[in-house]
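S.K.: File name structure.csv; file contents CSV, C-alpha atoms; full text below.
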```
chain,number,residue,atom,x,y,z
E,1,MET,CA,20.4,25.7,61.1
E,2,SER,CA,19.2,23.1,63.6
E,3,GLU,CA,21.0,22.4,66.8
E,4,TRP,CA,22.9,19.2,67.9
E,5,VAL,CA,20.8,17.2,70.4
E,6,ASP,CA,22.4,14.8,73.0
E,7,VAL,CA,20.6,11.5,72.5
E,8,ILE,CA,22.5,8.8,74.4
E,9,ASP,CA,25.8,8.2,76.2
E,10,GLU,CA,28.3,6.7,73.8
E,11,SER,CA,28.6,3.6,76.0
E,12,VAL,CA,24.9,2.7,76.0
E,13,LEU,CA,24.8,0.6,72.8
E,14,ALA,CA,26.8,-2.5,71.9
E,15,ASP,CA,27.7,-3.2,68.3
E,16,GLY,CA,24.6,-4.2,66.4
E,17,GLU,CA,22.1,-2.6,68.8
E,18,ASN,CA,19.9,0.4,68.2
E,19,VAL,CA,17.7,2.7,70.2
E,20,VAL,CA,14.9,5.1,69.2
E,21,VAL,CA,15.2,8.6,70.5
E,22,ASP,CA,13.2,11.9,70.0
E,23,VAL,CA,15.0,14.6,68.0
E,24,ASP,CA,13.0,17.7,67.7
E,25,GLY,CA,9.7,15.8,67.7
E,26,THR,CA,10.9,13.1,65.2
E,27,ASP,CA,11.5,9.4,66.2
E,28,VAL,CA,15.1,8.6,65.1
E,29,ALA,CA,16.7,5.2,65.2
E,30,VAL,CA,20.3,5.4,66.3
E,31,PHE,CA,22.4,2.4,65.4
E,32,LYS,CA,26.0,1.3,66.4
E,33,ILE,CA,27.8,-0.7,63.8
E,34,LYS,CA,31.5,-1.6,64.2
E,35,GLY,CA,32.0,1.2,66.6
E,36,ASP,CA,30.4,3.9,64.5
E,37,PHE,CA,27.0,5.5,65.1
E,38,TYR,CA,24.3,6.2,62.4
E,39,ALA,CA,20.8,7.7,62.6
E,40,ILE,CA,17.8,7.3,60.4
E,41,GLU,CA,14.2,8.3,60.8
E,42,ASP,CA,12.3,5.5,62.4
E,43,VAL,CA,9.9,5.0,59.6
E,44,CYS,CA,9.6,2.6,56.6
E,45,THR,CA,8.9,4.6,53.5
E,46,HIS,CA,6.8,1.8,52.1
E,47,ASP,CA,3.9,2.1,54.6
E,48,GLY,CA,5.0,4.5,57.4
E,49,ALA,CA,5.5,1.9,60.1
E,50,GLU,CA,8.4,2.0,62.4
E,51,ILE,CA,11.6,0.3,61.2
E,52,ALA,CA,13.9,0.0,64.3
E,53,SER,CA,12.5,-3.3,65.5
E,54,GLY,CA,13.5,-5.0,62.3
E,55,ILE,CA,16.4,-7.3,61.8
E,56,LEU,CA,19.8,-5.8,61.3
E,57,GLU,CA,22.1,-7.6,58.8
E,58,GLY,CA,25.4,-5.9,58.5
E,59,ASP,CA,24.6,-2.3,57.7
E,60,GLU,CA,21.0,-3.1,56.5
E,61,ILE,CA,17.8,-3.0,58.5
E,62,ILE,CA,14.9,-5.2,57.3
E,63,CYS,CA,11.5,-3.8,57.9
E,64,PRO,CA,9.6,-6.1,60.2
E,65,ARG,CA,6.3,-5.7,58.3
E,66,HIS,CA,7.0,-6.3,54.6
E,67,GLY,CA,10.7,-7.0,54.3
E,68,ALA,CA,11.9,-3.8,52.6
E,69,ARG,CA,15.7,-3.3,53.2
E,70,PHE,CA,17.5,0.0,54.0
E,71,CYS,CA,21.1,1.0,54.5
E,72,VAL,CA,21.5,2.2,58.0
E,73,ARG,CA,24.6,4.3,57.1
E,74,THR,CA,22.8,6.3,54.4
E,75,GLY,CA,19.1,5.6,54.6
E,76,ALA,CA,19.2,4.3,51.0
E,77,VAL,CA,16.5,1.8,50.0
E,78,LYS,CA,18.0,-1.6,49.1
E,79,SER,CA,15.0,-3.6,48.1
E,80,PRO,CA,11.2,-3.4,47.5
E,81,PRO,CA,8.5,-3.0,48.5
E,82,ALA,CA,10.0,0.4,49.4
E,83,TYR,CA,11.2,2.7,46.7
E,84,GLU,CA,12.1,5.8,48.6
E,85,ASN,CA,15.0,6.4,50.9
E,86,ILE,CA,14.7,7.0,54.7
E,87,HIS,CA,16.1,10.3,55.9
E,88,SER,CA,19.6,9.9,57.4
E,89,PHE,CA,20.7,12.3,60.1
E,90,PRO,CA,24.2,13.7,60.9
E,91,VAL,CA,25.7,12.1,64.0
E,92,ARG,CA,28.7,13.1,66.1
E,93,ILE,CA,30.3,12.3,69.4
E,94,GLU,CA,30.9,15.1,71.9
E,95,ASN,CA,32.2,14.5,75.4
E,96,GLY,CA,31.0,10.9,75.4
E,97,LYS,CA,27.5,11.8,74.2
E,98,VAL,CA,26.1,10.7,70.8
E,99,GLN,CA,24.5,13.8,69.2
E,100,VAL,CA,22.1,14.0,66.3
E,101,ARG,CA,21.0,17.0,64.3
E,102,ASP,CA,17.8,17.3,62.3
E,103,ASN,CA,19.1,18.8,59.1
E,104,ARG,CA,15.9,18.4,57.0
E,105,TRP,CA,15.1,22.1,56.8
E,106,ASP,CA,18.6,23.6,56.8
```
For the structure just supplied, provide its representation as structure tokens.

M.R.:
Amino acid sequence: MSEWVDVIDESVLADGENVVVDVDGTDVAVFKIKGDFYAIEDVCTHDGAEIASGILEGDEIICPRHGARFCVRTGAVKSPPAYENIHSFPVRIENGKVQVRDNRWD
């Protein structure tokens, strides 16, 4: 089982903001939406490009390259040209730190 990794202080992000962090060698986009934190791999499953610089609309991120949409809460694909989900990582808050765990190989 992988370990929880401190990625940012809980107070760093405002609602609607995100930051890309390294979790065990993987770029992970951490989002704050309505006070809750979510983490997805920073990759569009359509073409492998980064996704975090896209436009956030509600709980969906729009890929800046080709417009695919993904749910930030779950990583679920919402519209083409992507057809595969983005991996979503578990997130928790411990002592004011946002922590993410890479659970892909658990």

S.K.: Nearest residue to Ile51 (chain E) out of E:Ala14, E:Tyr38, E:Val20, E:Gly25, using all atoms listed in the file?

M.R.: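 Among the listed residues, E:Val20 lies closest to Ile51 (chain E).
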
S.K.: Fewer than 6 positions away in the same chain doesn't count, so skip those; otherwise give me all residues within 10 Å of region 99-106 of chain E, counting all atoms listed in the file, as an NGL selection string.

M.R.: :E and (1-10 or 21-26 or 28 or 30 or 37-41 or 87-93)

S.K.: For each of E:Lys32, E:Ile62, E:Asp27, E:Lys97, take the minimum atom-to-atom distance to Ser79 (chain E), counting all atoms listed in the file, then give the residue where this is smallest.

M.R.: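 Checking each of E:Lys32, E:Ile62, E:Asp27, E:Lys97 against Ser79 (chain E), counting all atoms listed in the file, the winner is E:Ile62.
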
S.K.: Residues within 8 Å of Gly54 (chain E), please, as JSON, numbers by chain. Count only C-alpha atoms; anything in the same chain fewer than 6 positions from it doesn't count.

M.R.: {"E": [61, 62, 63, 64]}

S.K.: Rounded to one decimal in Å, what is the spacing between CA of Tyr83 (chain E) and CA of Asp36 (chain E)?

M.R.: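 Going from CA of Tyr83 (chain E) over to CA of Asp36 (chain E), I get 26.2 Å.
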
S.K.: As a PDB file, in the frame of the given file, could you write out region 18-34 of chain E once it has been completed with N, CA and C atoms?

M.R.:
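This is the output file result-v4.pdb:
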```pdb
ATOM      1  N   ASN E  18      20.413  -0.879  68.579  1.00  0.00           N
ATOM      2  CA  ASN E  18      19.900   0.400  68.200  1.00  0.00           C
ATOM      3  C   ASN E  18      18.922   0.883  69.336  1.00  0.00           C
ATOM      4  N   VAL E  19      18.624   2.154  69.315  1.00  0.00           N
ATOM      5  CA  VAL E  19      17.700   2.700  70.200  1.00  0.00           C
ATOM      6  C   VAL E  19      16.913   3.830  69.477  1.00  0.00           C
ATOM      7  N   VAL E  20      15.650   4.007  69.818  1.00  0.00           N
ATOM      8  CA  VAL E  20      14.900   5.100  69.200  1.00  0.00           C
ATOM      9  C   VAL E  20      14.802   6.243  70.171  1.00  0.00           C
ATOM     10  N   VAL E  21      15.117   7.423  69.647  1.00  0.00           N
ATOM     11  CA  VAL E  21      15.200   8.600  70.500  1.00  0.00           C
ATOM     12  C   VAL E  21      14.319   9.719  69.771  1.00  0.00           C
ATOM     13  N   ASP E  22      13.966  10.733  70.531  1.00  0.00           N
ATOM     14  CA  ASP E  22      13.200  11.900  70.000  1.00  0.00           C
ATOM     15  C   ASP E  22      14.219  12.980  69.650  1.00  0.00           C
ATOM     16  N   VAL E  23      14.198  13.428  68.418  1.00  0.00           N
ATOM     17  CA  VAL E  23      15.000  14.600  68.000  1.00  0.00           C
ATOM     18  C   VAL E  23      14.089  15.600  67.394  1.00  0.00           C
ATOM     19  N   ASP E  24      13.868  16.659  68.143  1.00  0.00           N
ATOM     20  CA  ASP E  24      13.000  17.700  67.700  1.00  0.00           C
ATOM     21  C   ASP E  24      11.625  17.244  67.243  1.00  0.00           C
ATOM     22  N   GLY E  25      11.054  16.279  68.002  1.00  0.00           N
ATOM     23  CA  GLY E  25       9.700  15.800  67.700  1.00  0.00           C
ATOM     24  C   GLY E  25       9.660  14.654  66.681  1.00  0.00           C
ATOM     25  N   THR E  26      10.808  14.171  66.237  1.00  0.00           N
ATOM     26  CA  THR E  26      10.900  13.100  65.200  1.00  0.00           C
ATOM     27  C   THR E  26      11.501  11.861  65.886  1.00  0.00           C
ATOM     28  N   ASP E  27      10.895  10.685  65.686  1.00  0.00           N
ATOM     29  CA  ASP E  27      11.500   9.400  66.200  1.00  0.00           C
ATOM     30  C   ASP E  27      12.666   9.094  65.246  1.00  0.00           C
ATOM     31  N   VAL E  28      13.838   8.931  65.861  1.00  0.00           N
ATOM     32  CA  VAL E  28      15.100   8.600  65.100  1.00  0.00           C
ATOM     33  C   VAL E  28      15.674   7.377  65.713  1.00  0.00           C
ATOM     34  N   ALA E  29      16.018   6.435  64.832  1.00  0.00           N
ATOM     35  CA  ALA E  29      16.700   5.200  65.200  1.00  0.00           C
ATOM     36  C   ALA E  29      18.184   5.409  65.151  1.00  0.00           C
ATOM     37  N   VAL E  30      18.873   5.233  66.274  1.00  0.00           N
ATOM     38  CA  VAL E  30      20.300   5.400  66.300  1.00  0.00           C
ATOM     39  C   VAL E  30      20.917   3.984  66.423  1.00  0.00           C
ATOM     40  N   PHE E  31      21.827   3.669  65.514  1.00  0.00           N
ATOM     41  CA  PHE E  31      22.400   2.400  65.400  1.00  0.00           C
ATOM     42  C   PHE E  31      23.939   2.463  65.702  1.00  0.00           C
ATOM     43  N   LYS E  32      24.501   1.405  66.297  1.00  0.00           N
ATOM     44  CA  LYS E  32      26.000   1.300  66.400  1.00  0.00           C
ATOM     45  C   LYS E  32      26.407   0.096  65.629  1.00  0.00           C
ATOM     46  N   ILE E  33      27.287   0.336  64.655  1.00  0.00           N
ATOM     47  CA  ILE E  33      27.800  -0.700  63.800  1.00  0.00           C
ATOM     48  C   ILE E  33      29.313  -0.591  63.722  1.00  0.00           C
ATOM     49  N   LYS E  34      30.000  -1.617  64.170  1.00  0.00           N
ATOM     50  CA  LYS E  34      31.500  -1.600  64.200  1.00  0.00           C
ATOM     51  C   LYS E  34      32.061  -0.380  64.790  1.00  0.00           C
TER      52      LYS E  34
END
```
